[in-house]
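Structure file model17.txt (compact mmCIF, C-alpha atoms) follows.
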# COMPACT_ATOMS: atom_id res chain seq x y z
CA MET A 236 161.75 256.67 229.52
CA GLN A 237 162.40 258.94 226.54
CA ALA A 238 165.88 259.69 227.86
CA ARG A 239 166.67 255.96 227.98
CA GLU A 240 165.53 255.50 224.36
CA ASN A 241 167.74 258.41 223.24
CA LEU A 242 170.73 256.90 225.03
CA ALA A 243 170.05 253.53 223.41
CA GLN A 244 169.86 255.10 219.94
CA GLN A 245 173.12 256.98 220.53
CA ALA A 246 174.82 253.79 221.68
CA ALA A 247 173.60 251.91 218.60
CA ALA A 248 174.84 254.70 216.32
CA SER A 249 178.24 254.67 218.03
CA ALA A 250 178.47 250.91 217.64
CA THR A 251 177.64 251.17 213.93
CA GLU A 252 180.31 253.84 213.41
CA ALA A 253 182.84 251.66 215.23
CA LEU A 254 182.06 248.69 212.98
CA ILE A 255 182.26 250.75 209.77
CA PRO A 256 185.16 253.21 210.13
CA GLN A 257 185.21 256.58 208.44
CA GLY A 258 187.74 258.26 206.11
CA ASN A 259 191.08 256.50 205.77
CA ASP A 260 190.00 253.85 208.28
CA ARG A 261 187.04 253.02 206.03
CA GLN A 262 189.38 252.54 203.06
CA LYS A 263 191.57 250.18 205.07
CA TRP A 264 188.48 248.34 206.30
CA TRP A 265 187.23 247.93 202.71
CA GLN A 266 190.62 246.63 201.54
CA HIS A 267 190.67 244.03 204.31
CA VAL A 268 187.11 242.94 203.47
CA THR A 269 187.87 242.50 199.76
CA GLU A 270 191.18 240.73 200.44
CA TYR A 271 189.77 238.24 202.93
CA SER A 272 186.58 237.73 200.94
CA LEU A 273 188.67 236.34 198.08
CA ILE A 274 190.26 233.80 200.42
CA VAL A 275 186.84 232.80 201.73
CA ILE A 276 185.49 232.44 198.17
CA PHE A 277 188.39 230.18 197.20
CA ALA A 278 188.05 228.11 200.37
CA LEU A 279 184.32 227.58 199.80
CA MET A 280 184.90 226.73 196.14
CA PHE A 281 187.68 224.27 197.04
CA ILE A 282 185.55 222.53 199.69
CA THR A 283 182.57 222.32 197.32
CA MET A 284 184.68 220.85 194.53
CA SER A 285 186.26 218.36 196.92
CA LEU A 286 182.82 217.11 197.97
CA THR A 287 181.12 217.08 194.57
CA VAL A 288 183.78 216.29 191.92
CA ASP A 289 185.24 212.80 191.82
CA HIS A 290 189.02 212.48 192.29
CA PHE A 291 189.43 216.25 192.76
CA PHE A 292 190.94 216.00 196.24
CA SER A 293 193.23 213.08 195.43
CA ILE A 294 196.97 213.55 195.90
CA GLU A 295 197.58 212.85 192.22
CA ASN A 296 195.13 215.54 191.14
CA MET A 297 196.47 218.08 193.65
CA LEU A 298 200.00 217.59 192.32
CA GLY A 299 198.68 217.76 188.77
CA LEU A 300 196.81 220.97 189.59
CA ALA A 301 199.95 222.53 191.09
CA LEU A 302 201.96 221.50 188.04
CA SER A 303 199.38 222.89 185.62
CA ILE A 304 199.48 226.35 187.23
CA SER A 305 203.26 226.47 187.66
CA GLN A 306 203.97 228.49 184.52
CA ILE A 307 201.08 230.89 185.13
CA GLY A 308 202.20 231.30 188.74
CA MET A 309 205.78 232.16 187.77
CA VAL A 310 204.80 234.80 185.23
CA ALA A 311 202.00 236.19 187.42
CA CYS A 312 204.64 237.16 190.00
CA THR A 313 206.31 239.52 187.54
CA MET A 314 203.09 240.58 185.82
CA MET A 315 202.03 241.76 189.27
CA PHE A 316 204.82 244.37 189.15
CA CYS A 317 203.85 245.45 185.63
CA LEU A 318 200.21 245.97 186.60
CA ALA A 319 201.14 247.63 189.88
CA SER A 320 203.16 250.21 187.91
CA ARG A 321 200.16 250.94 185.59
CA ASP A 322 201.51 248.83 182.72
CA PHE A 323 200.97 245.31 181.43
CA ASP A 324 202.68 242.89 179.06
CA LEU A 325 200.79 241.11 176.28
CA SER A 326 203.95 239.51 174.86
CA VAL A 327 204.47 236.92 177.62
CA GLY A 328 202.81 234.09 175.67
CA SER A 329 205.00 234.72 172.64
CA THR A 330 208.08 234.97 174.86
CA VAL A 331 207.29 231.59 176.42
CA ALA A 332 207.06 230.00 172.98
CA PHE A 333 210.16 231.74 171.56
CA ALA A 334 212.27 230.91 174.63
CA GLY A 335 211.33 227.25 174.33
CA VAL A 336 212.20 227.15 170.62
CA LEU A 337 215.49 229.01 171.11
CA CYS A 338 216.48 226.81 174.05
CA ALA A 339 215.81 223.66 172.00
CA MET A 340 217.80 224.97 169.02
CA VAL A 341 220.82 226.05 171.10
CA LEU A 342 220.72 222.76 172.98
CA ASN A 343 220.73 220.75 169.76
CA ALA A 344 223.60 222.87 168.39
CA THR A 345 225.83 222.84 171.48
CA GLY A 346 224.70 219.84 173.48
CA ASN A 347 225.09 221.97 176.62
CA THR A 348 221.95 222.35 178.75
CA PHE A 349 223.32 225.24 180.81
CA ILE A 350 224.25 227.31 177.76
CA ALA A 351 220.85 226.66 176.19
CA ILE A 352 218.98 227.80 179.30
CA ILE A 353 221.14 230.91 179.70
CA ALA A 354 220.63 231.82 176.03
CA ALA A 355 216.85 231.51 176.32
CA VAL A 356 216.62 233.50 179.56
CA ALA A 357 218.92 236.19 178.15
CA ALA A 358 216.72 236.45 175.04
CA GLY A 359 213.69 236.89 177.27
CA ALA A 360 215.48 239.62 179.22
CA VAL A 361 216.28 241.41 175.96
CA ILE A 362 212.62 241.25 174.90
CA GLY A 363 211.61 242.67 178.27
CA PHE A 364 214.25 245.38 178.07
CA VAL A 365 213.00 246.46 174.64
CA ASN A 366 209.42 246.59 175.93
CA GLY A 367 210.43 248.63 178.96
CA ALA A 368 212.66 251.02 177.04
CA VAL A 369 210.04 251.73 174.39
CA ILE A 370 207.32 252.29 176.99
CA ALA A 371 209.45 254.33 179.41
CA TYR A 372 211.62 256.44 177.12
CA LEU A 373 209.68 256.61 173.86
CA ARG A 374 206.40 257.02 175.78
CA ILE A 375 204.50 254.55 173.61
CA ASN A 376 201.47 253.00 175.25
CA ALA A 377 202.05 249.57 176.84
CA LEU A 378 199.09 248.13 174.91
CA ILE A 379 200.56 249.06 171.53
CA THR A 380 204.15 248.21 172.47
CA THR A 381 203.54 244.76 173.91
CA LEU A 382 200.91 243.94 171.27
CA ALA A 383 203.57 244.66 168.63
CA THR A 384 206.25 242.62 170.37
CA MET A 385 203.74 239.81 170.87
CA GLU A 386 203.39 239.52 167.10
CA ILE A 387 207.09 240.10 166.36
CA VAL A 388 208.38 237.57 168.88
CA ARG A 389 205.84 234.96 167.84
CA GLY A 390 206.86 235.56 164.23
CA PHE A 391 210.53 235.09 165.10
CA GLY A 392 209.66 231.80 166.77
CA PHE A 393 207.95 230.53 163.61
CA ILE A 394 210.74 231.81 161.35
CA VAL A 395 213.68 230.25 163.18
CA SER A 396 211.84 226.95 163.63
CA HIS A 397 210.36 226.98 160.09
CA GLY A 398 206.95 226.61 161.67
CA GLN A 399 207.81 223.20 163.12
CA ALA A 400 208.31 221.90 166.64
CA VAL A 401 212.00 221.65 167.56
CA GLY A 402 212.56 218.29 169.21
CA VAL A 403 215.04 217.75 172.02
CA SER A 404 217.07 214.58 172.49
CA SER A 405 219.08 215.59 175.56
CA ASP A 406 218.16 213.35 178.48
CA THR A 407 219.53 215.93 180.93
CA PHE A 408 217.23 218.66 179.66
CA ILE A 409 214.20 216.39 179.49
CA ALA A 410 214.87 215.22 183.05
CA LEU A 411 214.52 218.81 184.33
CA GLY A 412 210.81 218.88 183.64
CA GLY A 413 210.23 215.55 185.41
CA LEU A 414 212.66 216.05 188.29
CA THR A 415 211.02 215.64 191.70
CA MET A 416 211.99 216.53 195.25
CA PHE A 417 210.01 215.03 198.15
CA GLY A 418 207.48 213.88 195.56
CA VAL A 419 206.93 217.38 194.18
CA SER A 420 207.98 218.31 190.63
CA LEU A 421 210.71 220.88 189.99
CA PRO A 422 208.38 223.38 188.21
CA ILE A 423 206.24 223.53 191.37
CA TRP A 424 209.29 224.25 193.53
CA VAL A 425 210.39 226.98 191.12
CA THR A 426 206.93 228.57 191.29
CA LEU A 427 206.94 228.47 195.10
CA LEU A 428 210.37 230.10 195.07
CA CYS A 429 209.04 232.84 192.77
CA PHE A 430 206.13 233.50 195.14
CA ILE A 431 208.54 233.90 198.05
CA VAL A 432 211.18 235.97 196.24
CA PHE A 433 208.80 238.37 194.54
CA GLY A 434 206.65 238.64 197.64
CA VAL A 435 209.71 239.79 199.58
CA MET A 436 210.68 242.13 196.75
CA LEU A 437 207.22 243.71 196.74
CA ASN A 438 206.93 244.22 200.48
CA GLN A 439 210.48 244.54 201.80
CA THR A 440 212.58 246.27 199.14
CA VAL A 441 212.95 249.73 197.63
CA TYR A 442 212.23 248.18 194.24
CA GLY A 443 208.78 247.04 195.40
CA ARG A 444 207.94 250.32 197.13
CA ASN A 445 209.01 252.30 194.07
CA THR A 446 206.84 250.11 191.85
CA LEU A 447 203.75 250.77 193.97
CA ALA A 448 204.59 254.46 194.18
CA ILE A 449 204.92 254.74 190.39
CA GLY A 450 201.58 253.01 189.94
CA GLY A 451 199.93 255.28 192.49
CA ASN A 452 201.23 258.55 191.03
CA PRO A 453 204.10 258.62 188.49
CA GLU A 454 204.60 262.38 188.62
CA ALA A 455 204.69 262.51 192.41
CA SER A 456 207.16 259.61 192.36
CA ARG A 457 209.39 261.49 189.95
CA LEU A 458 209.30 264.58 192.17
CA ALA A 459 210.18 262.37 195.14
CA GLY A 460 213.41 261.34 193.42
CA ILE A 461 212.41 257.98 191.94
CA ASN A 462 213.82 257.27 188.50
CA VAL A 463 210.50 256.26 186.97
CA GLU A 464 211.84 255.35 183.53
CA ARG A 465 214.68 253.16 184.81
CA THR A 466 212.38 251.37 187.26
CA ARG A 467 209.93 250.58 184.46
CA VAL A 468 212.73 249.16 182.34
CA TYR A 469 213.84 246.94 185.25
CA ILE A 470 210.26 245.73 185.74
CA PHE A 471 209.92 244.62 182.14
CA LEU A 472 213.43 243.18 182.00
CA VAL A 473 212.70 240.93 184.98
CA GLN A 474 209.33 240.11 183.45
CA GLY A 475 211.01 238.92 180.24
CA ALA A 476 213.66 236.84 182.02
CA VAL A 477 211.18 235.02 184.27
CA THR A 478 208.79 234.46 181.36
CA ALA A 479 211.62 232.94 179.32
CA LEU A 480 212.48 230.65 182.24
CA ALA A 481 208.85 229.51 182.26
CA GLY A 482 209.20 228.80 178.53
CA VAL A 483 212.33 226.71 179.15
CA ILE A 484 210.56 224.65 181.80
CA LEU A 485 207.59 224.14 179.49
CA ALA A 486 209.90 222.98 176.67
CA SER A 487 211.52 220.53 179.08
CA ARG A 488 208.14 219.15 180.11
CA ILE A 489 206.90 218.63 176.54
CA THR A 490 210.41 217.65 175.27
CA SER A 491 210.33 220.18 172.43
CA GLY A 492 210.18 223.86 171.57
CA GLN A 493 206.76 224.69 170.13
CA PRO A 494 206.41 228.01 168.22
CA ASN A 495 202.63 227.92 168.73
CA ALA A 496 202.82 227.23 172.47
CA ALA A 497 201.20 229.41 175.15
CA GLU A 498 198.62 231.06 172.89
CA GLY A 499 196.27 233.07 175.11
CA PHE A 500 198.68 232.64 178.01
CA GLU A 501 198.91 236.39 178.63
CA LEU A 502 195.17 236.70 179.28
CA ASN A 503 195.24 233.88 181.82
CA VAL A 504 198.12 235.55 183.67
CA ILE A 505 196.47 238.99 183.70
CA SER A 506 193.15 237.45 184.78
CA ALA A 507 194.85 235.68 187.71
CA CYS A 508 196.55 238.90 188.82
CA VAL A 509 193.45 241.09 188.58
CA LEU A 510 191.32 238.41 190.23
CA GLY A 511 193.92 238.40 193.01
CA GLY A 512 193.44 242.10 193.70
CA VAL A 513 196.18 243.70 191.59
CA SER A 514 194.66 246.98 190.42
CA LEU A 515 194.53 247.79 186.71
CA LEU A 516 194.94 251.42 187.75
CA GLY A 517 198.23 250.65 189.50
CA GLY A 518 199.49 251.21 192.99
CA ARG A 519 197.93 248.15 194.63
CA ALA A 520 199.15 244.54 194.71
CA THR A 521 199.66 241.69 197.17
CA ILE A 522 201.49 238.44 196.57
CA SER A 523 198.91 236.56 198.65
CA GLY A 524 196.16 237.84 196.37
CA VAL A 525 198.10 236.76 193.28
CA VAL A 526 198.56 233.27 194.72
CA ILE A 527 194.81 232.99 195.37
CA GLY A 528 194.03 234.33 191.89
CA VAL A 529 196.32 231.75 190.28
CA LEU A 530 194.77 228.97 192.37
CA ILE A 531 191.23 230.00 191.43
CA MET A 532 192.08 230.05 187.72
CA GLY A 533 193.82 226.69 187.93
CA THR A 534 191.10 225.07 190.04
CA VAL A 535 188.33 226.12 187.68
CA GLU A 536 190.17 224.73 184.66
CA ASN A 537 191.09 221.53 186.52
CA VAL A 538 187.48 220.93 187.53
CA MET A 539 186.25 221.50 183.97
CA ASN A 540 188.76 218.92 182.73
CA LEU A 541 187.70 216.40 185.40
CA MET A 542 184.07 216.92 184.42
CA ASN A 543 184.94 216.47 180.72
CA ILE A 544 183.51 219.85 179.80
CA ASP A 545 184.09 220.66 176.14
CA ALA A 546 187.05 222.95 175.41
CA PHE A 547 184.75 225.38 173.60
CA TYR A 548 182.82 226.04 176.79
CA GLN A 549 186.08 226.48 178.70
CA TYR A 550 186.78 229.54 176.56
CA LEU A 551 183.48 231.02 177.74
CA VAL A 552 184.31 230.33 181.38
CA ARG A 553 187.79 231.88 181.13
CA GLY A 554 186.33 234.96 179.45
CA ALA A 555 183.68 235.24 182.16
CA ILE A 556 186.38 235.01 184.84
CA LEU A 557 188.36 237.80 183.17
CA LEU A 558 185.25 240.00 183.02
CA ALA A 559 184.43 239.22 186.65
CA ALA A 560 188.00 240.08 187.66
CA VAL A 561 187.78 243.48 185.97
CA LEU A 562 184.41 244.21 187.56
CA LEU A 563 185.81 243.22 190.96
CA ASP A 564 188.71 245.60 190.40
CA GLN A 565 186.27 248.40 189.62
CA LEU A 566 184.31 247.69 192.80
CA LYS A 567 187.50 247.76 194.84
CA ASN A 568 188.52 251.11 193.35
CA ARG A 569 185.09 252.58 194.07
CA GLY A 570 185.17 251.25 197.62
CA SER A 571 188.61 252.74 198.26
CA ARG A 572 187.46 256.16 196.97
CA ASP A 573 184.24 256.30 198.98
Conversion result in structure tokens:
Amino acid sequence: MQARENLAQQAAASATEALIPQGNDRQKWWQHVTEYSLIVIFALMFITMSLTVDHFFSIENMLGLALSISQIGMVACTMMFCLASRDFDLSVGSTVAFAGVLCAMVLNATGNTFIAIIAAVAAGAVIGFVNGAVIAYLRINALITTLATMEIVRGFGFIVSHGQAVGVSSDTFIALGGLTMFGVSLPIWVTLLCFIVFGVMLNQTVYGRNTLAIGGNPEASRLAGINVERTRVYIFLVQGAVTALAGVILASRITSGQPNAAEGFELNVISACVLGGVSLLGGRATISGVVIGVLIMGTVENVMNLMNIDAFYQYLVRGAILLAAVLLDQLKNRGSRD
């Protein structure tokens, strides 16, 4: 009888060890748990909101929700690379505003929509290049660098526009923001394209693997032959160009370039990325996680608007989400180390 009890205890212990792997297998198991738990949380939240909030699950609101997160989704794709390489960019909100103002001014001066868009995107790429070069080659902290460019670029936007919104009269440019395909607005299609393109870049290209390697261990990456400085410059350059494109689309939607647009935008983007599992310590990112993070941020804000919650309380909720995202990141890092 005693022998049977011992065998039963050994079998139970073996089963427990099989369910909770050890060593590297335990780390992989923990990563899968945290990744899928986020999807489950979003699914439960979405179902609950659909059943309890009026008009939430309507087609009109779903399209409106997708449109409202389009700019955040675009920039989150490139912010994912910045965070994965142990950096971040606080100047994205200012770049959105400046790109919109510049695009409107060039459009009014030339009357050519294509030239105006190219000028704005090029300006964004220059801003990103400056950020990357200062961080990579001058070794100035990303916080200080992008905080400085955030103020400088925002200041440029106010200076060139004299502190006023720059109106746009071009029907072609205005039509871009309202253009639809199969009933879905152009900004949504652009965001979906960004998710696909940058997801492939992260998982299937040398650029993506180098980014994750740099975030995991910059010195080891350098010894392995990766040009760390040049890769960081590329990351920020792409970040600036995509952010400027988001600013152009926003200007088209609101039919003007607003120098005070996208204030606090950078925190929403970083919150979405971190909530989606992109590590603040670098080396870990998934495009699926970023998509879920963006959807959670957008859904929460959409629900608060449908419920007519005061804007002052929305600040509290967004701050709480950011704090929760950072705490979740800390838990993931502890779980991967254990």
Counting only C-alpha atoms, which residues in range 459-523 of chain A sit no more than 9 Å from range 337-358 of chain A? For each one, give the nearest pair of atoms and the distance in Å, sorted by chain then residue number, as CSV.
residue,atom,partner,partner_atom,distance
A:Gly475,CA,A:Val356,CA,7.8
A:Ala476,CA,A:Val356,CA,5.1
A:Val477,CA,A:Val356,CA,7.4
A:Thr478,CA,A:Val356,CA,8.1
A:Ala479,CA,A:Val356,CA,5.0
A:Leu480,CA,A:Val356,CA,5.7
A:Gly482,CA,A:Ala355,CA,8.4
A:Val483,CA,A:Cys338,CA,6.6
A:Ala486,CA,A:Ala339,CA,7.6
A:Ser487,CA,A:Ala339,CA,8.9
A:Thr490,CA,A:Ala339,CA,8.7
A:Ser491,CA,A:Ala339,CA,6.5
A:Gly492,CA,A:Ala339,CA,5.6
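The list of residues with at least one atom within 12 Å of Ala459 in chain A, based on only C-alpha atoms and without residues fewer than 6 positions apart in the same chain, reads A:Asn445, A:Ala448, A:Ile449, A:Asn452, A:Pro453.
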- line: One decimal place gives the CA of Ala319 in chain A-CA of Gly451 in chain A separation as 8.2 Å
- request: Do a neighbour search on Gln306 in chain A at 12 Å with only C-alpha atoms, toss out local chain neighbours closer than 6 positions, and write the hits as a ChimeraX atom specification.
  value: /A:300,312-313,327-328,331,412,421-427,429-430,477-486,488,497,500-501,503-504,529,533
message: Just want the 8 Å neighbourhood of Ile362 in chain A, counted on all atoms listed in the file, with same-chain residues fewer than 3 positions away dropped. Output as a ChimeraX atom specification.
response: /A:330,358-359,365-366,384,472,475
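From CA of Val275 in chain A back to CA of Thr446 in chain A, the distance works out to 28.2 Å.
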Writing C-alpha atoms and nothing else, produce range 370-483 of chain A as a PDB file, in the first residue's frame.
ATOM      1  CA  ILE A 370      21.708  59.234 -29.578  1.00  0.00           C
ATOM      2  CA  ALA A 371      23.955  56.810 -31.467  1.00  0.00           C
ATOM      3  CA  TYR A 372      27.070  58.855 -32.172  1.00  0.00           C
ATOM      4  CA  LEU A 373      27.046  61.581 -29.525  1.00  0.00           C
ATOM      5  CA  ARG A 374      25.881  59.061 -26.897  1.00  0.00           C
ATOM      6  CA  ILE A 375      23.282  61.400 -25.411  1.00  0.00           C
ATOM      7  CA  ASN A 376      20.464  59.678 -23.568  1.00  0.00           C
ATOM      8  CA  ALA A 377      17.283  59.109 -25.618  1.00  0.00           C
ATOM      9  CA  LEU A 378      15.187  60.773 -22.903  1.00  0.00           C
ATOM     10  CA  ILE A 379      17.146  64.031 -23.081  1.00  0.00           C
ATOM     11  CA  THR A 380      17.550  63.979 -26.865  1.00  0.00           C
ATOM     12  CA  THR A 381      13.933  63.355 -27.789  1.00  0.00           C
ATOM     13  CA  LEU A 382      12.645  65.605 -24.997  1.00  0.00           C
ATOM     14  CA  ALA A 383      14.738  68.414 -26.513  1.00  0.00           C
ATOM     15  CA  THR A 384      13.578  67.735 -30.062  1.00  0.00           C
ATOM     16  CA  MET A 385       9.996  67.497 -28.810  1.00  0.00           C
ATOM     17  CA  GLU A 386      10.227  71.107 -27.623  1.00  0.00           C
ATOM     18  CA  ILE A 387      12.261  72.327 -30.620  1.00  0.00           C
ATOM     19  CA  VAL A 388      10.004  70.776 -33.266  1.00  0.00           C
ATOM     20  CA  ARG A 389       6.845  71.961 -31.527  1.00  0.00           C
ATOM     21  CA  GLY A 390       8.381  75.426 -31.344  1.00  0.00           C
ATOM     22  CA  PHE A 391       9.170  75.372 -35.065  1.00  0.00           C
ATOM     23  CA  GLY A 392       5.564  74.439 -35.759  1.00  0.00           C
ATOM     24  CA  PHE A 393       4.292  77.451 -33.815  1.00  0.00           C
ATOM     25  CA  ILE A 394       6.878  79.791 -35.362  1.00  0.00           C
ATOM     26  CA  VAL A 395       6.243  78.957 -39.019  1.00  0.00           C
ATOM     27  CA  SER A 396       2.466  79.011 -38.523  1.00  0.00           C
ATOM     28  CA  HIS A 397       2.536  82.113 -36.271  1.00  0.00           C
ATOM     29  CA  GLY A 398       0.661  80.090 -33.683  1.00  0.00           C
ATOM     30  CA  GLN A 399      -2.371  79.701 -35.945  1.00  0.00           C
ATOM     31  CA  ALA A 400      -3.958  76.759 -37.724  1.00  0.00           C
ATOM     32  CA  VAL A 401      -2.964  76.597 -41.390  1.00  0.00           C
ATOM     33  CA  GLY A 402      -6.100  75.957 -43.415  1.00  0.00           C
ATOM     34  CA  VAL A 403      -6.137  73.848 -46.564  1.00  0.00           C
ATOM     35  CA  SER A 404      -8.353  74.545 -49.567  1.00  0.00           C
ATOM     36  CA  SER A 405      -7.195  71.728 -51.853  1.00  0.00           C
ATOM     37  CA  ASP A 406     -10.069  69.335 -52.477  1.00  0.00           C
ATOM     38  CA  THR A 407      -7.610  66.609 -53.513  1.00  0.00           C
ATOM     39  CA  PHE A 408      -5.762  66.737 -50.212  1.00  0.00           C
ATOM     40  CA  ILE A 409      -8.931  66.915 -48.139  1.00  0.00           C
ATOM     41  CA  ALA A 410     -10.339  63.937 -50.037  1.00  0.00           C
ATOM     42  CA  LEU A 411      -7.407  61.768 -48.879  1.00  0.00           C
ATOM     43  CA  GLY A 412      -8.611  61.747 -45.295  1.00  0.00           C
ATOM     44  CA  GLY A 413     -12.158  60.781 -46.303  1.00  0.00           C
ATOM     45  CA  LEU A 414     -11.277  58.346 -49.089  1.00  0.00           C
ATOM     46  CA  THR A 415     -12.829  54.910 -48.591  1.00  0.00           C
ATOM     47  CA  MET A 416     -12.248  51.477 -50.089  1.00  0.00           C
ATOM     48  CA  PHE A 417     -14.844  48.735 -49.508  1.00  0.00           C
ATOM     49  CA  GLY A 418     -16.402  51.030 -46.919  1.00  0.00           C
ATOM     50  CA  VAL A 419     -13.185  51.383 -44.935  1.00  0.00           C
ATOM     51  CA  SER A 420     -11.349  54.724 -44.683  1.00  0.00           C
ATOM     52  CA  LEU A 421      -7.878  55.189 -46.172  1.00  0.00           C
ATOM     53  CA  PRO A 422      -6.173  55.854 -42.785  1.00  0.00           C
ATOM     54  CA  ILE A 423      -7.356  52.430 -41.589  1.00  0.00           C
ATOM     55  CA  TRP A 424      -5.923  50.735 -44.690  1.00  0.00           C
ATOM     56  CA  VAL A 425      -2.613  52.555 -44.185  1.00  0.00           C
ATOM     57  CA  THR A 426      -2.487  51.380 -40.561  1.00  0.00           C
ATOM     58  CA  LEU A 427      -3.206  47.777 -41.571  1.00  0.00           C
ATOM     59  CA  LEU A 428      -0.433  48.020 -44.158  1.00  0.00           C
ATOM     60  CA  CYS A 429       1.963  49.301 -41.473  1.00  0.00           C
ATOM     61  CA  PHE A 430       1.078  46.365 -39.208  1.00  0.00           C
ATOM     62  CA  ILE A 431       1.858  43.924 -42.017  1.00  0.00           C
ATOM     63  CA  VAL A 432       5.031  45.608 -43.288  1.00  0.00           C
ATOM     64  CA  PHE A 433       6.627  46.207 -39.905  1.00  0.00           C
ATOM     65  CA  GLY A 434       5.553  42.805 -38.647  1.00  0.00           C
ATOM     66  CA  VAL A 435       7.414  41.216 -41.557  1.00  0.00           C
ATOM     67  CA  MET A 436      10.389  43.513 -40.962  1.00  0.00           C
ATOM     68  CA  LEU A 437      10.546  42.521 -37.294  1.00  0.00           C
ATOM     69  CA  ASN A 438      10.276  38.774 -37.814  1.00  0.00           C
ATOM     70  CA  GLN A 439      11.671  38.074 -41.281  1.00  0.00           C
ATOM     71  CA  THR A 440      14.476  40.559 -41.957  1.00  0.00           C
ATOM     72  CA  VAL A 441      18.026  41.201 -40.779  1.00  0.00           C
ATOM     73  CA  TYR A 442      16.909  44.686 -39.765  1.00  0.00           C
ATOM     74  CA  GLY A 443      14.394  43.252 -37.290  1.00  0.00           C
ATOM     75  CA  ARG A 444      16.778  40.642 -35.899  1.00  0.00           C
ATOM     76  CA  ASN A 445      19.497  43.269 -35.459  1.00  0.00           C
ATOM     77  CA  THR A 446      17.057  45.530 -33.625  1.00  0.00           C
ATOM     78  CA  LEU A 447      16.161  42.802 -31.135  1.00  0.00           C
ATOM     79  CA  ALA A 448      19.813  41.838 -30.757  1.00  0.00           C
ATOM     80  CA  ILE A 449      20.818  45.435 -29.996  1.00  0.00           C
ATOM     81  CA  GLY A 450      18.069  45.700 -27.409  1.00  0.00           C
ATOM     82  CA  GLY A 451      19.105  42.418 -25.814  1.00  0.00           C
ATOM     83  CA  ASN A 452      22.820  43.232 -25.567  1.00  0.00           C
ATOM     84  CA  PRO A 453      24.365  46.145 -27.508  1.00  0.00           C
ATOM     85  CA  GLU A 454      27.969  45.185 -26.777  1.00  0.00           C
ATOM     86  CA  ALA A 455      27.492  41.558 -27.779  1.00  0.00           C
ATOM     87  CA  SER A 456      25.773  42.760 -30.963  1.00  0.00           C
ATOM     88  CA  ARG A 457      28.721  44.993 -31.764  1.00  0.00           C
ATOM     89  CA  LEU A 458      31.139  42.100 -31.249  1.00  0.00           C
ATOM     90  CA  ALA A 459      28.948  39.974 -33.524  1.00  0.00           C
ATOM     91  CA  GLY A 460      29.500  42.442 -36.360  1.00  0.00           C
ATOM     92  CA  ILE A 461      26.305  44.498 -36.159  1.00  0.00           C
ATOM     93  CA  ASN A 462      26.756  48.203 -36.808  1.00  0.00           C
ATOM     94  CA  VAL A 463      24.848  49.318 -33.723  1.00  0.00           C
ATOM     95  CA  GLU A 464      25.091  53.059 -34.365  1.00  0.00           C
ATOM     96  CA  ARG A 465      23.937  52.883 -37.980  1.00  0.00           C
ATOM     97  CA  THR A 466      21.038  50.581 -37.096  1.00  0.00           C
ATOM     98  CA  ARG A 467      19.870  53.003 -34.406  1.00  0.00           C
ATOM     99  CA  VAL A 468      19.964  55.875 -36.883  1.00  0.00           C
ATOM    100  CA  TYR A 469      17.873  53.847 -39.346  1.00  0.00           C
ATOM    101  CA  ILE A 470      15.349  53.036 -36.608  1.00  0.00           C
ATOM    102  CA  PHE A 471      14.810  56.685 -35.742  1.00  0.00           C
ATOM    103  CA  LEU A 472      14.826  57.799 -39.376  1.00  0.00           C
ATOM    104  CA  VAL A 473      12.005  55.377 -40.203  1.00  0.00           C
ATOM    105  CA  GLN A 474      10.251  56.442 -37.009  1.00  0.00           C
ATOM    106  CA  GLY A 475      10.332  60.091 -38.107  1.00  0.00           C
ATOM    107  CA  ALA A 476       9.120  59.381 -41.651  1.00  0.00           C
ATOM    108  CA  VAL A 477       6.160  57.236 -40.550  1.00  0.00           C
ATOM    109  CA  THR A 478       5.244  59.725 -37.817  1.00  0.00           C
ATOM    110  CA  ALA A 479       5.243  62.552 -40.367  1.00  0.00           C
ATOM    111  CA  LEU A 480       2.986  60.485 -42.637  1.00  0.00           C
ATOM    112  CA  ALA A 481       0.591  60.102 -39.708  1.00  0.00           C
ATOM    113  CA  GLY A 482       0.695  63.890 -39.315  1.00  0.00           C
ATOM    114  CA  VAL A 483      -0.151  64.371 -42.996  1.00  0.00           C
TER     115      VAL A 483
END
